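**Student:** Dropping the structure in here first, questions after.
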Amino acid sequence: MLLDVQNLTITFDTKYGPLTAVRDLSFSLKMGETLGVVGESGCGKSITNLAIMGLLPTQAKISATRLAFEGNDLVSMSERQWQRLRGKDIAMIFQDPMSALNPCYTVGHQLVETLLVHRDFSKKEAWSESLNLMEQVGIPAPSERLKAYPHELSGGMAQRVMIAMAISSNPKLLIADEPTTALDVTIQDQILRLLKDLQEKRQMSLMLVTHDLGVVAQNTDRIQVMYAGEVVESGLTQEVIHHPTHPYTSGLLAGHPTAEVSTKGKARLPSIPGMVPDLRHRPQGCQFHPRCSYAQDKCRREMPSDAGPTRCFYPLSNGRPA
Amino acid sequence: METNQQKELSPFREFWHSFAQNRGAVIGLAVLTFFIAIGIFSPLLAPYSPSQLFEGTYRLPPAFTSGGNIKFFLGTDDVGRDILSRLIYGTSLSLGVGLMVVVVSLISGTILGLLAGYFEKHVDSTIMRLTDIIMALPSTLLAIVVAAILGPGLVNAVWAVSIVAIPNYIRLVRALVMAEKKRAYVTAAHAYGAGHIRIMLSEILPNCTAPIIVQATLGLSEGILNAAALGFLGLGAQPPTPEWGTMLADARPFMESSPWMVTFPGLSILLVVLALNLVGDGLRDALDPRLKK
């Protein structure tokens with residue numbers, strides 16, 4: 001098991017009381033596996049990533065029965081050990097590639113620096129390796145691009161550079177946090193295909209975090225859907241996409257535009273009513289019940305467990321309550 | 001390849017283009033260059049040694065007024081020293097003092113500001129409270145107190161003026177760092193395994209340089225002015241050092257009978273400070289992205 005997370009809880013102390021951003025989150029990731037993490041904004045996706053990278057802000061309190069990468073406990077790791085792990089075995093790419101590159105340095109400089117941190121290269125070797133990486137991520141005229149400053153690149157190009165930096169140390173796990181949200185739809189597809197391609201070639205694990213079900217549908221082995229800091233449904237991608245059992249997943253899928261809906265013109269895209277709960281004042285029972293159209297009394301009183309594939313007392317079958 | 005080289009030059013060219021549009025700044029730069037040249041070549045340019053006494057030529061008026069002597073172009077002072085020579089030798093002193101003040105306060109202020117802005121919490125509050133204490137006292141008064149404690153002298157005046165100037169840099173750098181460290185590239189640098197020192201020095205600091213350069217240029221003129229003020233009060237350079245502020249102090253009793261003795265040192269200070277402020281403003285206009293059209 002590459003990454004093993006059991007009962008991860010992340011709490012922030014705020015002026016208005018404790019805020020539990022992630023609650024009892026458990027999941028694991030095998031070597032070479034691709035996991036899609038889906039959820040609305042504020043559901044704890046990014047915070048989970050930061051926890052895995054050891055980059056949580058200092059006011060966050062973290063607890064977990066197990067949070068391990070390759071069997072090494074991450075919670076008790078010192079800052080020094082973190083620095084050896086970060087960017088080496090676990091790498092990350094970010095939502096907005098343009099602001100994730102330092103505007104002061106050329107792309108080449110930043111790539112070389114990253115290479116020198118983690119690998120035993122001379123400057124010259126690092127430069128030729130940079131060229132090699134730039135080619136691998138599909139950047140045309142790489143030797144000229146290496147001399148460019150970030151502001152001279154397009155968004156898609158910058159994201160390719162970020163990917164090149166991320167894979168430069170041969171990471172075992174690549175976390176892509178909304179890698180295509182800031183990009184054009186046409187570029188989105190290219191970047192996703194590039195990620196999938198690199199993942200397969202290098203046999204690394206990929207965690208693709210997004211709010212867009214369409215993004216994960218074609219590019220992941222497994223999906224986990226998050227709601228209010230909890231996993232509400234997980235399973236094989238095709239299984240979850242075609243036969244969602246949790247009302248939230250089903251709602252998300254219904255809200256996804258298809259060619260059919262958009263040509264009908266007048267038809268309104270269905271959406272899930274209500275809002276994500278205030279994480280300081282969580283509802284009792286199932287977290288989704290205030291917005292769930294199938295909610296029953298039991299849902300309002302008790303928490304469904306996450307033991308099964310879906311965190312629901314009354315899972316759907318074929319889009320209907322059983 | 002040619003286009004590439006052009007691109008690499010472009011940040012400086014772009015800067016020069018907007019700097020050159022500001023006529024005041026260009027004039028300031030010219031005046032400053034003039035004074036720097038005088039400071040560097042003072043032994044070659046000065047007709048006499050700054051401490052050479054000419055008997056019988058006390059308080060001689062400048063050559064272009066009646067009663068002047070062409071040998072002493074700007075006249076002589078109360079003990080018969082050539083004022084022009086003293087001014088020329090004083091240039092390197094005054095500019096040097098300003099530069100030293102900037103170096104000392106810039107380095108210590110930047111380090112403290114970086115630490116305060118980056119680590120926040122205890123580090124921040126400790127540094128900022130110390131800064132508050134320094135800023136609570138009027139700057140000239142504080143400089144006088146420090147100079148009085150350390151004892152009069154040019155080097156001690158540099159320390160005194162530097163301490164007064166440090167809070168400016170701390171506050172500026174801290175604010176810049178706090179804004180800059182929330183940017184995604186800093187998180188990205190963390191994610192690629194960079195340590196705190198690396199992130200502070202090679203990620204955040206280079207992105208803060210423009211306002212720091214502007215502050216340093218303006219700080220240079222302030223340093224010169226404050227050092228001259230200490231000299232005037234007798235706490236800076238001691239006579240017979242040809243420091244401009246000290247020259248002013250020496251000439252004060254003769255202000256009415258021999259006005260040229262205060263005029264020329266005063267004018268020199270004015271010109272240098274004005275030139276530096278013009279250059280500083282020009283730099284700010286050229287470097288600050290918020291002021292760009």
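As shown in the structure tokens, the chain order sets the letters A, B, ...; within each chain, residues go from 1, and ligands are also counted from 1 in the order they appear.
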Counting only C-alpha atoms, what are the residues of chain B within 8 Å of chain A, and for each of them which pair of atoms is the nearest and at what distance in Å, to one decimal? Sort the table by chain and rising number, as JSON lines.

**Tutor:**
```
{"residue": "B:Met1", "atom": "CA", "partner": "A:Glu144", "partner_atom": "CA", "distance": 7.9}
{"residue": "B:Asn4", "atom": "CA", "partner": "A:Glu144", "partner_atom": "CA", "distance": 7.3}
{"residue": "B:Arg183", "atom": "CA", "partner": "A:Ser99", "partner_atom": "CA", "distance": 7.0}
{"residue": "B:Ala184", "atom": "CA", "partner": "A:Ala100", "partner_atom": "CA", "distance": 4.6}
{"residue": "B:Tyr185", "atom": "CA", "partner": "A:Ala100", "partner_atom": "CA", "distance": 3.8}
{"residue": "B:Val186", "atom": "CA", "partner": "A:Ala100", "partner_atom": "CA", "distance": 7.4}
{"residue": "B:Thr187", "atom": "CA", "partner": "A:Ala100", "partner_atom": "CA", "distance": 7.7}
{"residue": "B:Ala188", "atom": "CA", "partner": "A:Ala100", "partner_atom": "CA", "distance": 5.9}
{"residue": "B:His190", "atom": "CA", "partner": "A:Leu55", "partner_atom": "CA", "distance": 7.6}
{"residue": "B:Ala191", "atom": "CA", "partner": "A:Gly87", "partner_atom": "CA", "distance": 5.6}
{"residue": "B:Tyr192", "atom": "CA", "partner": "A:Gly87", "partner_atom": "CA", "distance": 3.8}
{"residue": "B:Gly193", "atom": "CA", "partner": "A:Gln83", "partner_atom": "CA", "distance": 4.6}
{"residue": "B:Ala194", "atom": "CA", "partner": "A:Gln83", "partner_atom": "CA", "distance": 6.7}
{"residue": "B:Gly195", "atom": "CA", "partner": "A:Gln83", "partner_atom": "CA", "distance": 6.8}
{"residue": "B:Glu203", "atom": "CA", "partner": "A:Asn102", "partner_atom": "CA", "distance": 6.9}
{"residue": "B:Pro206", "atom": "CA", "partner": "A:Cys104", "partner_atom": "CA", "distance": 6.6}
{"residue": "B:Asn207", "atom": "CA", "partner": "A:Cys104", "partner_atom": "CA", "distance": 6.3}
```

**Student:** Set the distance at 9 Å and use only C-alpha atoms: which residues neighbour stretch 212-215 of chain A once local chain neighbours fewer than 2 positions away are removed? I'd like the list as a ChimeraX atom specification.

**Tutor:** /A:36,38-40,178,180-181,188-189,192,208-210,217-220,241,252-253,256

**Student:** Write out as an NGL selection string the residues lying within 10 Å of B:Ala147, counting only C-alpha atoms and excluding same-chain residues fewer than 4 positions away.

**Tutor:** :B and (141-143 or 151-161 or 230 or 234-236)

**Student:** Go ahead and compute the interatomic distance for atom CA of B:Thr33 and atom CA of B:Met261, in Å to one decimal.

**Tutor:**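 Separating atom CA of B:Thr33 from atom CA of B:Met261 is a distance of 24.7 Å.
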
**Student:** What's the 12 Å shell around A:Lys124, counting only C-alpha atoms, without same-chain residues fewer than 5 positions away, as a tab-separated table (two decimals) with C-alpha atoms, in the first residue's frame?

**Tutor:**
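Saved to out_27.tsv:
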```
chain	number	residue	atom	x	y	z
A	108	GLY	CA	14.83	26.56	-16.80
A	109	HIS	CA	16.26	28.00	-13.60
A	112	VAL	CA	17.20	23.00	-12.60
A	113	GLU	CA	16.81	24.11	-8.98
A	115	LEU	CA	16.42	18.83	-9.95
A	116	LEU	CA	19.42	19.87	-7.89
A	129	GLU	CA	17.61	16.56	-17.89
A	130	SER	CA	15.38	19.65	-17.88
A	131	LEU	CA	15.36	19.60	-21.66
```

**Student:** Once DSSP has gone over the backbone, tell me which residues of stretch 168-271 of chain A are in strand (DSSP E), as a compact mmCIF listing (two decimals) with N, CA and C atoms, in the first residue's frame.

**Tutor:**
```txt
# COMPACT_ATOMS: atom_id res chain seq x y z
N LEU A 173 4.04 9.18 -5.90
CA LEU A 173 2.65 9.66 -5.86
C LEU A 173 2.60 11.08 -6.40
N LEU A 174 1.72 11.30 -7.33
CA LEU A 174 1.53 12.66 -7.84
C LEU A 174 0.12 13.11 -7.47
N ILE A 175 0.05 14.22 -6.76
CA ILE A 175 -1.26 14.77 -6.41
C ILE A 175 -1.54 15.92 -7.36
N ALA A 176 -2.62 15.82 -8.09
CA ALA A 176 -2.98 16.91 -8.99
C ALA A 176 -4.22 17.58 -8.43
N ASP A 177 -4.03 18.78 -7.90
CA ASP A 177 -5.13 19.49 -7.25
C ASP A 177 -5.81 20.40 -8.27
N SER A 205 1.51 6.52 -8.81
CA SER A 205 0.12 6.65 -8.41
C SER A 205 -0.30 8.09 -8.64
N LEU A 206 -1.54 8.26 -9.00
CA LEU A 206 -2.02 9.61 -9.29
C LEU A 206 -3.29 9.87 -8.50
N MET A 207 -3.30 10.99 -7.81
CA MET A 207 -4.51 11.39 -7.11
C MET A 207 -5.03 12.62 -7.83
N LEU A 208 -6.13 12.46 -8.51
CA LEU A 208 -6.67 13.54 -9.31
C LEU A 208 -7.84 14.17 -8.57
N VAL A 209 -7.61 15.37 -8.09
CA VAL A 209 -8.62 16.03 -7.27
C VAL A 209 -9.37 17.03 -8.13
N THR A 210 -10.68 16.98 -8.11
CA THR A 210 -11.42 17.88 -8.99
C THR A 210 -12.85 18.04 -8.50
N ARG A 222 -10.33 4.50 -9.80
CA ARG A 222 -11.32 4.54 -8.72
C ARG A 222 -11.72 5.98 -8.47
N ILE A 223 -12.89 6.12 -7.86
CA ILE A 223 -13.37 7.46 -7.51
C ILE A 223 -13.74 7.44 -6.04
N GLN A 224 -13.49 8.57 -5.36
CA GLN A 224 -14.19 8.72 -4.10
C GLN A 224 -14.83 10.09 -4.09
N VAL A 225 -16.10 10.08 -3.70
CA VAL A 225 -16.85 11.33 -3.68
C VAL A 225 -16.86 11.84 -2.26
N MET A 226 -16.50 13.12 -2.11
CA MET A 226 -16.45 13.69 -0.77
C MET A 226 -17.55 14.71 -0.57
N TYR A 227 -18.07 14.72 0.65
CA TYR A 227 -19.06 15.72 1.01
C TYR A 227 -18.82 16.13 2.45
N GLU A 230 -16.16 14.28 4.41
CA GLU A 230 -16.28 12.83 4.56
C GLU A 230 -16.39 12.19 3.18
N VAL A 231 -15.99 10.93 3.12
CA VAL A 231 -16.20 10.20 1.87
C VAL A 231 -17.64 9.67 1.91
N VAL A 232 -18.42 9.99 0.89
CA VAL A 232 -19.78 9.48 0.89
C VAL A 232 -19.94 8.27 -0.03
N GLU A 233 -19.08 8.20 -1.02
CA GLU A 233 -19.17 7.03 -1.88
C GLU A 233 -17.82 6.78 -2.51
N SER A 234 -17.46 5.50 -2.63
CA SER A 234 -16.22 5.20 -3.32
C SER A 234 -16.37 3.90 -4.07
N GLY A 235 -15.60 3.75 -5.10
CA GLY A 235 -15.69 2.53 -5.88
C GLY A 235 -14.99 2.67 -7.20
N LEU A 236 -15.11 1.64 -8.03
CA LEU A 236 -14.52 1.70 -9.36
C LEU A 236 -15.20 2.81 -10.15
```

**Student:** Considering only C-alpha atoms, return as a PDB file with C-alpha atoms, in the first residue's frame whatever protein or nucleic-acid residues lie within 9 Å of B:Leu225, sequence-local ones (same chain, fewer than 5 positions apart) excluded.

**Tutor:**
```pdb
ATOM      1  CA  SER B  94      28.950  62.422   2.917  1.00  0.00           C
ATOM      2  CA  GLY B  98      24.932  57.713   3.400  1.00  0.00           C
ATOM      3  CA  LEU B 220      20.455  57.217   1.245  1.00  0.00           C
ATOM      4  CA  LEU B 230      24.592  65.097  13.731  1.00  0.00           C
ATOM      5  CA  GLY B 245      27.475  69.085   8.353  1.00  0.00           C
ATOM      6  CA  ILE B 269      23.811  68.849   0.929  1.00  0.00           C
ATOM      7  CA  LEU B 270      20.710  70.247  -0.726  1.00  0.00           C
ATOM      8  CA  VAL B 273      19.651  65.062  -1.226  1.00  0.00           C
TER       9      VAL B 273
END
```

**Student:** Can you pull out the residues contacting B:Leu32? Cut-off 9 Å, using only C-alpha atoms, and skip same-chain residues under 4 positions away; I want them as a VMD selection string.

**Tutor:** chain B and resid 27 to 28 36 to 37 271 to 272 275 to 276 279

**Student:** Hey, can you spit out that residue selection with N, CA and C atoms as a PDB file, in the first residue's frame?

**Tutor:**
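Writing done, so here's selection.pdb:
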```
ATOM      1  N   ILE B  27      17.598  64.139 -14.445  1.00  0.00           N
ATOM      2  CA  ILE B  27      18.444  65.236 -13.953  1.00  0.00           C
ATOM      3  C   ILE B  27      19.077  64.843 -12.617  1.00  0.00           C
ATOM      4  N   GLY B  28      18.260  64.263 -11.740  1.00  0.00           N
ATOM      5  CA  GLY B  28      18.768  63.812 -10.451  1.00  0.00           C
ATOM      6  C   GLY B  28      19.908  62.836 -10.621  1.00  0.00           C
ATOM      7  N   ILE B  36      29.173  61.745  -7.442  1.00  0.00           N
ATOM      8  CA  ILE B  36      29.908  60.494  -7.222  1.00  0.00           C
ATOM      9  C   ILE B  36      31.293  60.588  -7.858  1.00  0.00           C
ATOM     10  N   ALA B  37      31.339  61.162  -9.072  1.00  0.00           N
ATOM     11  CA  ALA B  37      32.619  61.322  -9.755  1.00  0.00           C
ATOM     12  C   ALA B  37      33.548  62.195  -8.920  1.00  0.00           C
ATOM     13  N   LEU B 271      21.752  69.795  -2.862  1.00  0.00           N
ATOM     14  CA  LEU B 271      21.782  69.220  -4.209  1.00  0.00           C
ATOM     15  C   LEU B 271      21.815  67.690  -4.169  1.00  0.00           C
ATOM     16  N   VAL B 272      22.666  67.131  -3.317  1.00  0.00           N
ATOM     17  CA  VAL B 272      22.783  65.673  -3.258  1.00  0.00           C
ATOM     18  C   VAL B 272      21.461  65.052  -2.808  1.00  0.00           C
ATOM     19  N   ALA B 275      18.845  65.397  -5.482  1.00  0.00           N
ATOM     20  CA  ALA B 275      19.109  64.472  -6.590  1.00  0.00           C
ATOM     21  C   ALA B 275      18.693  63.059  -6.208  1.00  0.00           C
ATOM     22  N   LEU B 276      19.047  62.657  -4.983  1.00  0.00           N
ATOM     23  CA  LEU B 276      18.705  61.305  -4.543  1.00  0.00           C
ATOM     24  C   LEU B 276      17.203  61.111  -4.463  1.00  0.00           C
ATOM     25  N   VAL B 279      15.852  60.726  -7.956  1.00  0.00           N
ATOM     26  CA  VAL B 279      16.145  59.392  -8.478  1.00  0.00           C
ATOM     27  C   VAL B 279      15.239  58.363  -7.803  1.00  0.00           C
TER      28      VAL B 279
END
```

**Student:** Excluding stretch 1-11 of chain A and its own-chain neighbours fewer than 2 positions away, which residues fall within 9 Å of it when counting only C-alpha atoms? Please give them as an MDAnalysis selection string.

**Tutor:** chainID A and resid 13 18:32 47:48 51:52 59:71 172:173 205 229

**Student:** Please extract the residues of stretch 158-322 of chain A with a backbone DSSP assignment of helix (DSSP H, G or I) and present them as JSON, numbers by chain.

**Tutor:** {"A": [158, 159, 160, 161, 162, 163, 164, 165, 166, 167, 185, 186, 187, 188, 189, 190, 191, 192, 193, 194, 195, 196, 197, 198, 199, 200, 201, 202, 213, 214, 215, 216, 217, 237, 238, 239, 240, 241, 242, 247, 248, 249, 250, 251, 252, 253, 254, 259, 260, 261, 262, 263, 264, 289, 290, 291, 297, 298, 299, 300, 301]}

**Student:** Next, dump the selected residues to file, keeping only C-alpha atoms, as a PDB file, in the first residue's frame.

**Tutor:**
```pdb
ATOM      1  CA  ALA A 158       2.845  26.701 -17.608  1.00  0.00           C
ATOM      2  CA  GLN A 159       0.909  23.677 -16.375  1.00  0.00           C
ATOM      3  CA  ARG A 160       3.116  21.439 -18.510  1.00  0.00           C
ATOM      4  CA  VAL A 161       6.139  23.048 -16.892  1.00  0.00           C
ATOM      5  CA  MET A 162       4.627  22.402 -13.458  1.00  0.00           C
ATOM      6  CA  ILE A 163       4.103  18.785 -14.426  1.00  0.00           C
ATOM      7  CA  ALA A 164       7.702  18.581 -15.624  1.00  0.00           C
ATOM      8  CA  MET A 165       8.849  19.922 -12.252  1.00  0.00           C
ATOM      9  CA  ALA A 166       6.604  17.501 -10.417  1.00  0.00           C
ATOM     10  CA  ILE A 167       7.826  14.401 -12.244  1.00  0.00           C
ATOM     11  CA  VAL A 185     -11.496  23.223 -22.100  1.00  0.00           C
ATOM     12  CA  THR A 186      -9.404  22.304 -25.132  1.00  0.00           C
ATOM     13  CA  ILE A 187      -6.202  22.431 -23.101  1.00  0.00           C
ATOM     14  CA  GLN A 188      -7.868  20.566 -20.222  1.00  0.00           C
ATOM     15  CA  ASP A 189      -8.150  17.415 -22.220  1.00  0.00           C
ATOM     16  CA  GLN A 190      -4.518  17.594 -23.366  1.00  0.00           C
ATOM     17  CA  ILE A 191      -3.249  18.056 -19.848  1.00  0.00           C
ATOM     18  CA  LEU A 192      -5.360  15.206 -18.502  1.00  0.00           C
ATOM     19  CA  ARG A 193      -4.185  12.912 -21.238  1.00  0.00           C
ATOM     20  CA  LEU A 194      -0.608  13.919 -20.530  1.00  0.00           C
ATOM     21  CA  LEU A 195      -1.064  13.130 -16.837  1.00  0.00           C
ATOM     22  CA  LYS A 196      -2.629   9.765 -17.588  1.00  0.00           C
ATOM     23  CA  ASP A 197       0.131   9.016 -20.060  1.00  0.00           C
ATOM     24  CA  LEU A 198       2.930   9.873 -17.650  1.00  0.00           C
ATOM     25  CA  GLN A 199       1.214   7.941 -14.880  1.00  0.00           C
ATOM     26  CA  GLU A 200       1.115   4.827 -17.012  1.00  0.00           C
ATOM     27  CA  LYS A 201       4.652   5.184 -18.332  1.00  0.00           C
ATOM     28  CA  ARG A 202       6.190   5.815 -14.961  1.00  0.00           C
ATOM     29  CA  LEU A 213     -16.929  14.429 -12.606  1.00  0.00           C
ATOM     30  CA  GLY A 214     -16.198  14.571 -16.318  1.00  0.00           C
ATOM     31  CA  VAL A 215     -12.512  15.000 -15.588  1.00  0.00           C
ATOM     32  CA  VAL A 216     -12.248  11.847 -13.492  1.00  0.00           C
ATOM     33  CA  ALA A 217     -14.606   9.707 -15.532  1.00  0.00           C
ATOM     34  CA  THR A 237     -14.934   4.694 -11.620  1.00  0.00           C
ATOM     35  CA  GLN A 238     -17.215   3.106 -14.169  1.00  0.00           C
ATOM     36  CA  GLU A 239     -19.302   1.555 -11.415  1.00  0.00           C
ATOM     37  CA  VAL A 240     -19.806   4.861  -9.601  1.00  0.00           C
ATOM     38  CA  ILE A 241     -20.431   6.875 -12.740  1.00  0.00           C
ATOM     39  CA  HIS A 242     -22.982   4.505 -14.175  1.00  0.00           C
ATOM     40  CA  PRO A 247     -27.991  10.456  -3.495  1.00  0.00           C
ATOM     41  CA  TYR A 248     -25.230  13.084  -3.532  1.00  0.00           C
ATOM     42  CA  THR A 249     -23.257  11.331  -6.253  1.00  0.00           C
ATOM     43  CA  SER A 250     -26.416  10.863  -8.218  1.00  0.00           C
ATOM     44  CA  GLY A 251     -27.180  14.554  -7.811  1.00  0.00           C
ATOM     45  CA  LEU A 252     -23.715  15.529  -8.991  1.00  0.00           C
ATOM     46  CA  LEU A 253     -24.046  13.325 -12.034  1.00  0.00           C
ATOM     47  CA  ALA A 254     -27.484  14.713 -12.843  1.00  0.00           C
ATOM     48  CA  ALA A 259     -24.974  17.085 -25.218  1.00  0.00           C
ATOM     49  CA  GLU A 260     -28.613  16.040 -24.978  1.00  0.00           C
ATOM     50  CA  VAL A 261     -29.472  18.554 -22.274  1.00  0.00           C
ATOM     51  CA  SER A 262     -27.649  21.462 -23.821  1.00  0.00           C
ATOM     52  CA  THR A 263     -29.320  21.100 -27.203  1.00  0.00           C
ATOM     53  CA  LYS A 264     -32.770  21.010 -25.692  1.00  0.00           C
ATOM     54  CA  HIS A 289     -29.782  14.786   4.846  1.00  0.00           C
ATOM     55  CA  PRO A 290     -30.826  18.476   4.754  1.00  0.00           C
ATOM     56  CA  ARG A 291     -30.340  18.454   0.972  1.00  0.00           C
ATOM     57  CA  ASP A 297     -36.122   9.926  10.038  1.00  0.00           C
ATOM     58  CA  LYS A 298     -33.196   7.622  10.576  1.00  0.00           C
ATOM     59  CA  CYS A 299     -31.000   9.853   8.415  1.00  0.00           C
ATOM     60  CA  ARG A 300     -31.706  12.813  10.683  1.00  0.00           C
ATOM     61  CA  ARG A 301     -30.819  10.906  13.853  1.00  0.00           C
TER      62      ARG A 301
END
```

**Student:** Grab the atom CA of B:Gly90 to atom CA of B:Ile107 distance for me, in Å with one decimal place.

**Tutor:**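 For atom CA of B:Gly90 relative to atom CA of B:Ile107, the distance reads 25.5 Å.
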
**Student:** As an exercise, work out the distance from atom CA of B:Met200 to atom CA of A:Thr58 in Å and give it to one decimal place.

**Tutor:**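 Calculated distance between atom CA of B:Met200 and atom CA of A:Thr58 is 17.6 Å.
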
**Student:** Looking at B:Val173, B:Leu106, B:Ile133, B:Leu60, which one is nearest to B:Asp77, with distances taken over only C-alpha atoms?

**Tutor:**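 Residue with the minimum atom-to-atom distance to B:Asp77: B:Leu60.
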